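Content type mmCIF, C-alpha atoms and all ligand atoms, from the file input.cif:
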```
data_query
loop_
_atom_site.group_PDB
_atom_site.id
_atom_site.type_symbol
_atom_site.label_atom_id
_atom_site.label_comp_id
_atom_site.auth_asym_id
_atom_site.auth_seq_id
_atom_site.Cartn_x
_atom_site.Cartn_y
_atom_site.Cartn_z
ATOM 1 C CA MET A 220 69.646 35.151 115.125
ATOM 2 C CA GLU A 221 66.843 35.633 112.593
ATOM 3 C CA THR A 222 65.750 32.245 111.218
ATOM 4 C CA GLN A 223 62.045 32.483 110.414
ATOM 5 C CA THR A 224 59.242 34.988 110.129
ATOM 6 C CA ARG A 225 55.984 32.972 110.338
ATOM 7 C CA ARG A 226 54.961 30.587 113.118
ATOM 8 C CA ILE A 227 53.268 27.251 112.631
ATOM 9 C CA VAL A 228 50.012 27.341 114.532
ATOM 10 C CA THR A 229 48.084 24.133 115.174
ATOM 11 C CA LEU A 230 44.538 24.184 116.494
ATOM 12 C CA ALA A 231 43.180 21.382 118.654
ATOM 13 C CA LYS A 232 40.721 19.145 116.764
ATOM 14 C CA GLU A 233 37.717 20.624 118.534
ATOM 15 C CA VAL A 234 37.390 24.184 119.783
ATOM 16 C CA GLY A 235 34.407 26.315 120.760
ATOM 17 C CA PHE A 236 31.332 25.304 122.745
ATOM 18 C CA CYS A 237 30.576 21.701 123.681
ATOM 19 C CA PHE A 238 27.074 20.407 122.888
ATOM 20 C CA GLY A 239 25.890 20.965 126.504
ATOM 21 C CA VAL A 240 26.836 24.653 126.404
ATOM 22 C CA LYS A 241 25.343 25.094 122.901
ATOM 23 C CA ARG A 242 22.120 23.467 124.077
ATOM 24 C CA ALA A 243 21.937 25.700 127.183
ATOM 25 C CA ILE A 244 22.506 28.858 125.100
ATOM 26 C CA ASN A 245 19.889 27.797 122.521
ATOM 27 C CA LEU A 246 17.295 27.016 125.213
ATOM 28 C CA THR A 247 17.935 30.390 126.855
ATOM 29 C CA ASP A 248 17.701 32.240 123.524
ATOM 30 C CA GLN A 249 14.427 30.463 122.846
ATOM 31 C CA ALA A 250 13.113 31.375 126.322
ATOM 32 C CA LEU A 251 14.062 35.019 125.745
ATOM 33 C CA ALA A 252 12.221 35.012 122.411
ATOM 34 C CA GLU A 253 9.070 33.411 123.832
ATOM 35 C CA HIS A 254 8.776 34.819 127.358
ATOM 36 C CA LYS A 255 8.737 38.340 128.757
ATOM 37 C CA GLU A 256 10.578 37.946 132.017
ATOM 38 C CA VAL A 257 13.446 35.434 131.990
ATOM 39 C CA THR A 258 15.787 35.010 134.951
ATOM 40 C CA ILE A 259 18.664 32.725 135.850
ATOM 41 C CA LEU A 260 20.260 31.806 139.161
ATOM 42 C CA GLY A 261 23.997 32.356 138.621
ATOM 43 C CA ASP A 262 25.719 32.374 135.226
ATOM 44 C CA LEU A 263 24.496 30.121 132.419
ATOM 45 C CA VAL A 264 28.103 29.155 131.635
ATOM 46 C CA HIS A 265 31.448 30.424 132.871
ATOM 47 C CA ASN A 266 32.202 32.859 130.096
ATOM 48 C CA ARG A 267 31.657 36.588 130.499
ATOM 49 C CA ARG A 268 31.169 37.290 126.799
ATOM 50 C CA VAL A 269 28.408 34.715 126.584
ATOM 51 C CA THR A 270 26.622 35.884 129.734
ATOM 52 C CA ASP A 271 26.913 39.577 128.754
ATOM 53 C CA ALA A 272 25.362 38.814 125.348
ATOM 54 C CA LEU A 273 22.410 36.990 126.961
ATOM 55 C CA GLU A 274 21.923 39.756 129.516
ATOM 56 C CA ALA A 275 21.868 42.280 126.659
ATOM 57 C CA LYS A 276 18.956 40.281 125.183
ATOM 58 C CA GLY A 277 17.051 40.580 128.475
ATOM 59 C CA LEU A 278 18.214 37.672 130.666
ATOM 60 C CA ARG A 279 18.307 38.813 134.295
ATOM 61 C CA LYS A 280 20.620 37.175 136.803
ATOM 62 C CA ILE A 281 19.281 36.660 140.335
ATOM 63 C CA ASP A 282 21.152 35.656 143.495
ATOM 64 C CA GLU A 283 18.259 33.963 145.325
ATOM 65 C CA ILE A 284 15.085 32.274 144.139
ATOM 66 C CA ALA A 285 13.307 34.276 146.851
ATOM 67 C CA ASP A 286 14.148 37.393 144.776
ATOM 68 C CA GLN A 287 11.687 36.280 142.089
ATOM 69 C CA ASP A 288 8.074 35.162 142.043
ATOM 70 C CA THR A 289 6.981 35.744 138.460
ATOM 71 C CA GLY A 290 8.166 34.759 135.003
ATOM 72 C CA THR A 291 10.429 32.032 133.692
ATOM 73 C CA MET A 292 13.613 30.721 135.270
ATOM 74 C CA VAL A 293 16.338 28.969 133.279
ATOM 75 C CA ILE A 294 18.335 26.257 135.048
ATOM 76 C CA ARG A 295 21.907 26.557 133.879
ATOM 77 C CA ALA A 296 24.045 23.841 132.260
ATOM 78 C CA HIS A 297 25.544 22.876 135.652
ATOM 79 C CA GLY A 298 22.123 21.997 137.104
ATOM 80 C CA LEU A 299 20.529 22.983 140.422
ATOM 81 C CA PRO A 300 19.800 21.144 143.685
ATOM 82 C CA LYS A 301 16.289 19.632 143.596
ATOM 83 C CA LEU A 302 15.186 21.663 146.637
ATOM 84 C CA GLN A 303 15.885 24.897 144.758
ATOM 85 C CA ILE A 304 13.992 23.646 141.705
ATOM 86 C CA ALA A 305 11.036 22.767 143.942
ATOM 87 C CA GLU A 306 11.225 26.190 145.611
ATOM 88 C CA ALA A 307 11.134 27.913 142.206
ATOM 89 C CA ARG A 308 8.083 25.855 141.169
ATOM 90 C CA ASP A 309 6.363 26.609 144.494
ATOM 91 C CA ARG A 310 6.851 30.318 143.860
ATOM 92 C CA GLY A 311 5.050 29.907 140.550
ATOM 93 C CA LEU A 312 8.077 30.235 138.248
ATOM 94 C CA GLU A 313 8.012 28.411 134.951
ATOM 95 C CA ILE A 314 11.152 26.294 134.645
ATOM 96 C CA ILE A 315 13.255 25.851 131.520
ATOM 97 C CA ASP A 316 15.768 23.158 132.337
ATOM 98 C CA ALA A 317 19.055 23.682 130.468
ATOM 99 C CA THR A 318 20.961 21.227 132.675
ATOM 100 C CA CYS A 319 23.375 19.325 130.438
ATOM 101 C CA PRO A 320 22.182 15.700 129.957
ATOM 102 C CA ILE A 321 25.669 14.500 130.992
ATOM 103 C CA VAL A 322 25.370 16.402 134.286
ATOM 104 C CA LEU A 323 21.937 14.816 134.795
ATOM 105 C CA ARG A 324 23.528 11.407 134.233
ATOM 106 C CA ALA A 325 26.122 12.222 136.928
ATOM 107 C CA GLN A 326 23.274 13.055 139.330
ATOM 108 C CA GLU A 327 21.579 9.747 138.456
ATOM 109 C CA ALA A 328 24.852 7.852 138.975
ATOM 110 C CA ALA A 329 25.210 9.354 142.466
ATOM 111 C CA GLN A 330 21.616 8.365 143.247
ATOM 112 C CA THR A 331 22.258 4.807 141.995
ATOM 113 C CA LEU A 332 25.273 4.461 144.298
ATOM 114 C CA GLU A 333 23.313 5.885 147.205
ATOM 115 C CA GLY A 334 20.523 3.387 146.451
ATOM 116 C CA ARG A 335 23.077 0.551 146.681
ATOM 117 C CA GLY A 336 23.893 1.622 150.243
ATOM 118 C CA CYS A 337 27.188 3.352 149.429
ATOM 119 C CA GLN A 338 28.368 6.527 150.971
ATOM 120 C CA VAL A 339 28.675 8.786 147.928
ATOM 121 C CA VAL A 340 32.106 10.318 147.339
ATOM 122 C CA ILE A 341 32.319 13.006 144.675
ATOM 123 C CA ILE A 342 35.765 13.812 143.358
ATOM 124 C CA GLY A 343 35.425 17.462 142.498
ATOM 125 C CA ASP A 344 35.273 21.020 143.729
ATOM 126 C CA ALA A 345 32.723 21.440 146.539
ATOM 127 C CA ASN A 346 32.113 25.052 145.517
ATOM 128 C CA HIS A 347 31.308 24.268 141.896
ATOM 129 C CA ALA A 348 27.650 24.649 140.891
ATOM 130 C CA GLU A 349 27.549 21.193 139.303
ATOM 131 C CA ILE A 350 28.674 19.540 142.543
ATOM 132 C CA LYS A 351 26.115 21.482 144.569
ATOM 133 C CA GLY A 352 23.481 20.169 142.138
ATOM 134 C CA VAL A 353 24.671 16.566 142.559
ATOM 135 C CA ILE A 354 24.747 16.880 146.360
ATOM 136 C CA GLY A 355 21.282 18.384 146.235
ATOM 137 C CA SER A 356 19.941 15.418 144.279
ATOM 138 C CA LEU A 357 20.798 12.967 147.103
ATOM 139 C CA GLU A 358 18.989 11.980 150.283
ATOM 140 C CA ASN A 359 22.129 11.769 152.435
ATOM 141 C CA PRO A 360 25.197 14.048 152.682
ATOM 142 C CA ALA A 361 27.889 13.271 150.112
ATOM 143 C CA LEU A 362 31.594 13.595 150.755
ATOM 144 C CA VAL A 363 33.350 15.908 148.289
ATOM 145 C CA ILE A 364 37.070 15.310 147.880
ATOM 146 C CA ASP A 365 39.476 17.129 145.602
ATOM 147 C CA SER A 366 42.892 16.206 146.989
ATOM 148 C CA LEU A 367 44.725 13.512 148.907
ATOM 149 C CA ASP A 368 44.848 15.819 151.944
ATOM 150 C CA GLU A 369 41.061 16.163 151.925
ATOM 151 C CA LEU A 370 40.700 12.387 151.617
ATOM 152 C CA ARG A 371 43.041 11.737 154.556
ATOM 153 C CA ALA A 372 41.242 14.364 156.658
ATOM 154 C CA ALA A 373 37.921 12.596 155.923
ATOM 155 C CA LYS A 374 39.435 9.283 157.027
ATOM 156 C CA THR A 375 40.856 10.793 160.220
ATOM 157 C CA SER A 376 37.541 12.367 161.137
ATOM 158 C CA HIS A 377 35.694 9.058 160.467
ATOM 159 C CA ARG A 378 33.597 10.530 157.677
ATOM 160 C CA LEU A 379 34.685 7.786 155.297
ATOM 161 C CA ARG A 380 32.515 4.657 155.540
ATOM 162 C CA ARG A 381 33.571 1.141 154.580
ATOM 163 C CA LYS A 382 31.440 1.003 151.456
ATOM 164 C CA VAL A 383 31.775 3.996 149.188
ATOM 165 C CA GLY A 384 30.468 4.883 145.732
ATOM 166 C CA VAL A 385 32.550 7.287 143.682
ATOM 167 C CA ILE A 386 31.589 9.659 140.892
ATOM 168 C CA PHE A 387 33.580 12.514 139.326
ATOM 169 C CA GLN A 388 32.905 16.120 138.477
ATOM 170 C CA THR A 389 32.124 15.863 134.767
ATOM 171 C CA THR A 390 34.931 18.228 133.762
ATOM 172 C CA HIS A 391 37.633 16.613 135.894
ATOM 173 C CA ALA A 392 40.628 14.916 134.299
ATOM 174 C CA LEU A 393 40.799 11.233 135.193
ATOM 175 C CA GLU A 394 44.583 11.567 135.210
ATOM 176 C CA LEU A 395 44.356 14.027 138.119
ATOM 177 C CA CYS A 396 41.912 11.783 140.068
ATOM 178 C CA ARG A 397 43.987 8.609 139.884
ATOM 179 C CA GLU A 398 45.913 9.197 143.126
ATOM 180 C CA ILE A 399 42.702 9.746 145.104
ATOM 181 C CA ILE A 400 41.149 6.543 143.713
ATOM 182 C CA ASN A 401 44.290 4.521 144.489
ATOM 183 C CA GLU A 402 44.314 5.758 148.079
ATOM 184 C CA LEU A 403 40.577 5.112 148.486
ATOM 185 C CA LEU A 404 41.112 1.478 147.457
ATOM 186 C CA PHE A 405 43.453 1.086 150.413
ATOM 187 C CA MET A 406 41.179 2.896 152.850
ATOM 188 C CA CYS A 407 37.784 1.295 152.157
ATOM 189 C CA LYS A 408 36.484 -2.260 152.112
ATOM 190 C CA GLU A 409 34.358 -1.714 149.046
ATOM 191 C CA VAL A 410 34.728 0.964 146.384
ATOM 192 C CA GLN A 411 32.185 1.217 143.564
ATOM 193 C CA ILE A 412 33.027 3.666 140.792
ATOM 194 C CA ILE A 413 30.854 5.138 138.067
ATOM 195 C CA ASN A 414 32.855 7.146 135.571
ATOM 196 C CA THR A 415 30.849 10.344 135.117
ATOM 197 C CA ILE A 416 33.582 12.288 133.360
ATOM 198 C CA CYS A 417 32.165 13.930 130.259
ATOM 199 C CA ARG A 418 33.362 12.252 127.039
ATOM 200 C CA PRO A 419 33.699 15.533 125.056
ATOM 201 C CA VAL A 420 35.859 16.869 127.918
ATOM 202 C CA GLN A 421 37.996 13.753 127.927
ATOM 203 C CA ASN A 422 38.443 13.854 124.139
ATOM 204 C CA ARG A 423 39.538 17.473 124.275
ATOM 205 C CA GLN A 424 41.913 16.766 127.130
ATOM 206 C CA ASP A 425 43.523 13.831 125.283
ATOM 207 C CA ASP A 426 43.838 15.867 122.114
ATOM 208 C CA ALA A 427 45.242 18.940 123.925
ATOM 209 C CA ILE A 428 47.794 16.820 125.818
ATOM 210 C CA ASP A 429 48.922 15.281 122.554
ATOM 211 C CA LEU A 430 49.254 18.726 120.972
ATOM 212 C CA ALA A 431 50.994 20.268 124.009
ATOM 213 C CA ALA A 432 53.632 17.542 123.920
ATOM 214 C CA ARG A 433 54.468 18.352 120.274
ATOM 215 C CA VAL A 434 54.647 22.149 120.213
ATOM 216 C CA ASP A 435 57.049 24.762 121.596
ATOM 217 C CA LEU A 436 54.314 26.812 123.203
ATOM 218 C CA MET A 437 50.777 25.748 124.155
ATOM 219 C CA LEU A 438 47.967 28.260 124.524
ATOM 220 C CA VAL A 439 44.696 27.392 126.259
ATOM 221 C CA VAL A 440 41.941 29.915 125.573
ATOM 222 C CA GLY A 441 39.043 30.445 127.964
ATOM 223 C CA SER A 442 37.786 32.220 131.035
ATOM 224 C CA GLN A 443 39.830 32.126 134.243
ATOM 225 C CA THR A 444 36.563 31.233 136.017
ATOM 226 C CA SER A 445 35.908 28.202 133.804
ATOM 227 C CA ALA A 446 36.837 25.044 135.742
ATOM 228 C CA ASN A 447 37.332 22.951 132.606
ATOM 229 C CA THR A 448 39.628 25.568 131.028
ATOM 230 C CA VAL A 449 41.739 25.896 134.179
ATOM 231 C CA GLU A 450 41.980 22.115 134.342
ATOM 232 C CA LEU A 451 42.858 21.827 130.643
ATOM 233 C CA ALA A 452 45.677 24.353 131.108
ATOM 234 C CA ALA A 453 46.933 22.456 134.180
ATOM 235 C CA LEU A 454 46.951 19.196 132.219
ATOM 236 C CA CYS A 455 48.777 20.747 129.260
ATOM 237 C CA ARG A 456 51.306 22.247 131.671
ATOM 238 C CA CYS A 457 52.083 18.709 132.923
ATOM 239 C CA HIS A 458 53.161 17.866 129.350
ATOM 240 C CA ASN A 459 54.601 21.216 128.296
ATOM 241 C CA THR A 460 55.777 23.685 130.907
ATOM 242 C CA HIS A 461 55.469 26.450 128.292
ATOM 243 C CA THR A 462 51.688 26.510 128.586
ATOM 244 C CA LEU A 463 49.769 29.738 128.909
ATOM 245 C CA HIS A 464 46.109 30.204 129.848
ATOM 246 C CA ILE A 465 44.714 33.308 128.137
ATOM 247 C CA GLN A 466 41.166 34.611 127.844
ATOM 248 C CA ASN A 467 41.413 36.171 124.385
ATOM 249 C CA ALA A 468 43.830 37.521 121.741
ATOM 250 C CA GLU A 469 44.283 40.797 123.663
ATOM 251 C CA GLU A 470 46.012 38.876 126.463
ATOM 252 C CA LEU A 471 48.518 37.346 124.054
ATOM 253 C CA PHE A 472 51.711 39.377 123.611
ATOM 254 C CA ILE A 473 52.988 37.368 120.719
ATOM 255 C CA GLU A 474 56.252 39.364 120.526
ATOM 256 C CA ASP A 475 57.221 37.709 123.840
ATOM 257 C CA PHE A 476 57.197 34.322 122.109
ATOM 258 C CA ASP A 477 59.500 34.980 119.182
ATOM 259 C CA TRP A 478 61.444 31.867 120.219
ATOM 260 C CA ALA A 479 58.477 29.567 119.544
ATOM 261 C CA GLU A 480 58.367 27.958 116.116
ATOM 262 C CA GLU A 481 55.228 25.840 116.556
ATOM 263 C CA ILE A 482 52.367 27.001 118.729
ATOM 264 C CA GLY A 483 49.364 24.871 119.740
ATOM 265 C CA VAL A 484 45.954 26.347 120.591
ATOM 266 C CA ALA A 485 43.190 24.589 122.538
ATOM 267 C CA SER A 486 40.106 25.942 124.271
ATOM 268 C CA GLY A 487 37.711 25.293 127.127
ATOM 269 C CA LEU A 488 34.187 24.062 126.446
ATOM 270 C CA SER A 489 32.528 27.406 127.179
ATOM 271 C CA THR A 490 34.910 29.454 125.026
ATOM 272 C CA PRO A 491 33.268 31.027 121.959
ATOM 273 C CA GLU A 492 34.942 29.849 118.746
ATOM 274 C CA ASP A 493 35.651 33.371 117.509
ATOM 275 C CA LEU A 494 37.868 34.027 120.562
ATOM 276 C CA VAL A 495 39.985 31.029 119.525
ATOM 277 C CA GLU A 496 40.020 32.241 115.930
ATOM 278 C CA GLY A 497 41.218 35.663 117.142
ATOM 279 C CA VAL A 498 44.180 34.025 118.873
ATOM 280 C CA HIS A 499 44.867 31.872 115.818
ATOM 281 C CA ARG A 500 44.828 34.935 113.552
ATOM 282 C CA LYS A 501 47.119 36.941 115.811
ATOM 283 C CA ILE A 502 49.750 34.194 115.736
ATOM 284 C CA ALA A 503 49.342 33.519 112.005
ATOM 285 C CA ASP A 504 49.691 37.249 111.212
ATOM 286 C CA TYR A 505 52.813 37.711 113.333
ATOM 287 C CA THR A 506 55.904 38.024 111.199
ATOM 288 C CA GLY A 507 58.507 39.010 113.772
ATOM 289 C CA PRO A 508 61.949 37.388 113.623
ATOM 290 C CA LYS A 509 62.517 34.031 115.286
ATOM 291 C CA ILE A 510 65.076 34.488 118.046
ATOM 292 C CA ALA A 511 65.741 31.094 119.595
ATOM 293 C CA GLN A 512 67.988 32.338 122.391
ATOM 294 C CA ASN A 513 65.125 34.434 123.820
ATOM 295 C CA LYS A 514 63.453 31.299 125.177
ATOM 296 C CA PRO A 515 62.859 32.095 128.839
ATOM 297 C CA HIS A 516 62.584 29.939 131.909
ATOM 298 C CA ALA A 517 59.267 28.072 131.896
ATOM 299 C CA SER A 518 58.132 29.380 135.286
ATOM 300 C CA ARG A 519 57.519 32.788 133.713
ATOM 301 C CA TYR A 520 54.496 31.286 131.955
ATOM 302 C CA VAL A 521 52.665 29.878 134.946
ATOM 303 C CA PRO A 522 50.098 32.571 135.693
ATOM 304 C CA VAL A 523 49.395 33.261 139.352
ATOM 305 C CA GLY A 524 46.432 31.244 140.607
ATOM 306 C CA ALA A 525 46.238 29.008 137.555
ATOM 307 C CA ALA A 526 48.334 26.137 138.900
ATOM 308 C CA HIS A 527 46.106 23.174 139.709
HETATM 309 S S1 LIG B 1 31.433 19.936 129.392
HETATM 310 FE FE1 LIG B 1 30.297 18.042 129.117
HETATM 311 S S2 LIG B 1 29.027 17.972 130.940
HETATM 312 FE FE2 LIG B 1 29.698 20.081 130.766
HETATM 313 S S3 LIG B 1 28.136 21.111 129.577
HETATM 314 FE FE3 LIG B 1 29.664 20.405 128.110
HETATM 315 S S4 LIG B 1 28.904 18.402 127.394
HETATM 316 FE FE4 LIG B 1 27.825 18.921 129.297
#
```
For this file, produce the structure as structure tokens.
Ligand code: SF4
Amino acid sequence: METQTRRIVTLAKEVGFCFGVKRAINLTDQALAEHKEVTILGDLVHNRRVTDALEAKGLRKIDEIADQDTGTMVIRAHGLPKLQIAEARDRGLEIIDATCPIVLRAQEAAQTLEGRGCQVVIIGDANHAEIKGVIGSLENPALVIDSLDELRAAKTSHRLRRKVGVIFQTTHALELCREIINELLFMCKEVQIINTICRPVQNRQDDAIDLAARVDLMLVVGSQTSANTVELAALCRCHNTHTLHIQNAEELFIEDFDWAEEIGVASGLSTPEDLVEGVHRKIADYTGPKIAQNKPHASRYVPVGAAH
């Protein structure tokens, strides 16, 4: 039944880069303008369009610091372990530190807890660059936990001490960490917590959850390799099973969603604003008929590998 031709599309309050990503891109642009040979270990941020654009301006990605002994090296927004920074300096590289100040604060929080005699527990993804940087800023090994199973395994193997100090990956959702904290309180005699979750991330999560709960279909725009975008999509999916994580407008087949009257759009913190605008435009321009009975089962919209 044809009831409507245009969709209502509501953008989250804030889309596009967060200040930490903007700062890292600006510092890298400045380095490229002022220095001849500029390298980076890994990607500056987890967005292909951004990294391709910087590489086109001359930024060269390296896999090992040992691959480079001249020029300028940019430290990405996620930070680097201090040993690697020292190695780069020893090799004579000039360092431009684009580590986000909020990530630096998370490193300092972990050091504070270590200084108080706590065993540091980081709730986050052990393979994420930010977590490697935090671990690398400490004197003693930290325990990285991202699920209840991992926490129980740490307890069983006696890796969990009686006095622990907890920090969080800056892009994690507190809502998804709550179970781990609750269980830790039962397992340990003393638990000290410093909330290192990034405020801009938290604001976007709260706003996106609110939007997801109100709309028929929720779209989260950003790279599949961006941890904060994957997490944002997972959170929205908890509040609206019709949530789709897409990377750009080309991945949106709007004709498939002719049942949706109101569509919400949010983005990760490393998603360029024009990619979000492209999605917005595609929905706003769509004038296909509204066919309510075409609404499919929600599971069709959970992309493989995106469940958190
Ligand atoms: S998400 Fe937060 S911690 Fe990460 S770069 Fe942006 S402002 Fe910094």
- Task: All residues within 10 Å of ligand LIG 1 (chain B) are required, counting all atoms listed in the file; please report them as a PyMOL selection string.
- Result: chain A and resi 236-243+264+295-298+317-325+349+388-391+415-421+423+446-447+487-489
- Task: Translate the PyMOL selection byres (((chain A and resi 357-373) around 6) and not hetatm), as applied to the file shown, into an explicit residue set as a PyMOL selection string.
- Result: chain A and resi 339-343+345+354-356+374-376+378-379+399
- Within 6 Å of segment 452-468 of chain A, counting only C-alpha atoms, which residues show up once you throw out same-chain ones fewer than 4 positions away? Write them as a count of residues only, please. 16
- Task: Spell out the residues picked by the PyMOL selection byres (((chain A and resi 280) around 9) and not hetatm) here, as a VMD selection string.
- Result: chain A and resid 257 to 262 274 278 to 279 281 to 282
- Query: Around (54.0, 21.7, 119.2) in the file's own coordinates, what residues are found within 6 Å if you use all atoms listed in the file, given back as JSON, numbers by chain?
  - Reply: {"A": [430, 431, 433, 434, 435, 481, 482, 483]}
- Could you check which of A:Trp478, A:Ile386, A:Arg500, A:Thr444 is closest to Asn266 of chain A, using all atoms listed in the file?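 Using all atoms listed in the file, the shortest distance to Asn266 of chain A belongs to A:Thr444.
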Please give the centre and size of the box around segment 327-330 of chain A (axis-aligned, containing every atom listed in the file, 4 Å added per side), with values in Å to one decimal and written as JSON.
```
{"center_x": 23.4, "center_y": 8.8, "center_z": 140.9, "size_x": 11.6, "size_y": 9.9, "size_z": 12.8}
```
- Message: Expand the PyMOL selection byres (((chain A and resi 313) around 9) and not hetatm) into the explicit residue set it covers here, and present it as a ChimeraX atom specification.
- Response: /A:289-293,307-308,311-312,314-315
- Item | Distance in Å - atom CA of Gly384 of chain A versus atom CA of Leu332 of chain A |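 Computed distance, atom CA of Gly384 of chain A to atom CA of Leu332 of chain A, equals 5.4 Å.
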- Message: List the spatial neighbours of segment 484-486 of chain A as a ChimeraX atom specification - criterion: any atom at most 8 Å away, only C-alpha atoms, same-chain residues fewer than 3 positions off excluded.
- Response: /A:228-231,233-235,427,437-441,448,490,495,499
- Nearest to Ala348 of chain A, chosen from A:Glu256, A:Asp429, A:Leu263, A:Glu450, with all atoms listed in the file counted in the distances: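 Under the stated criterion, the closest residue is A:Leu263.
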- To one decimal place, how far is atom CA of Lys255 of chain A from atom CA of Ala285 of chain A in Å? 19.1 Å
- Task: Provide the atom CA of Asp286 of chain A to atom CA of Gln303 of chain A distance in Å, to one decimal place.
- Result: 12.6 Å
- Query: Which residues, written as a PyMOL selection string, have at least one atom at most 12 Å from Arg381 of chain A, with all atoms listed in the file counted and residues fewer than 3 positions away on the same chain left out?
  - Reply: chain A and resi 336-340+374+377-378+384+403-411
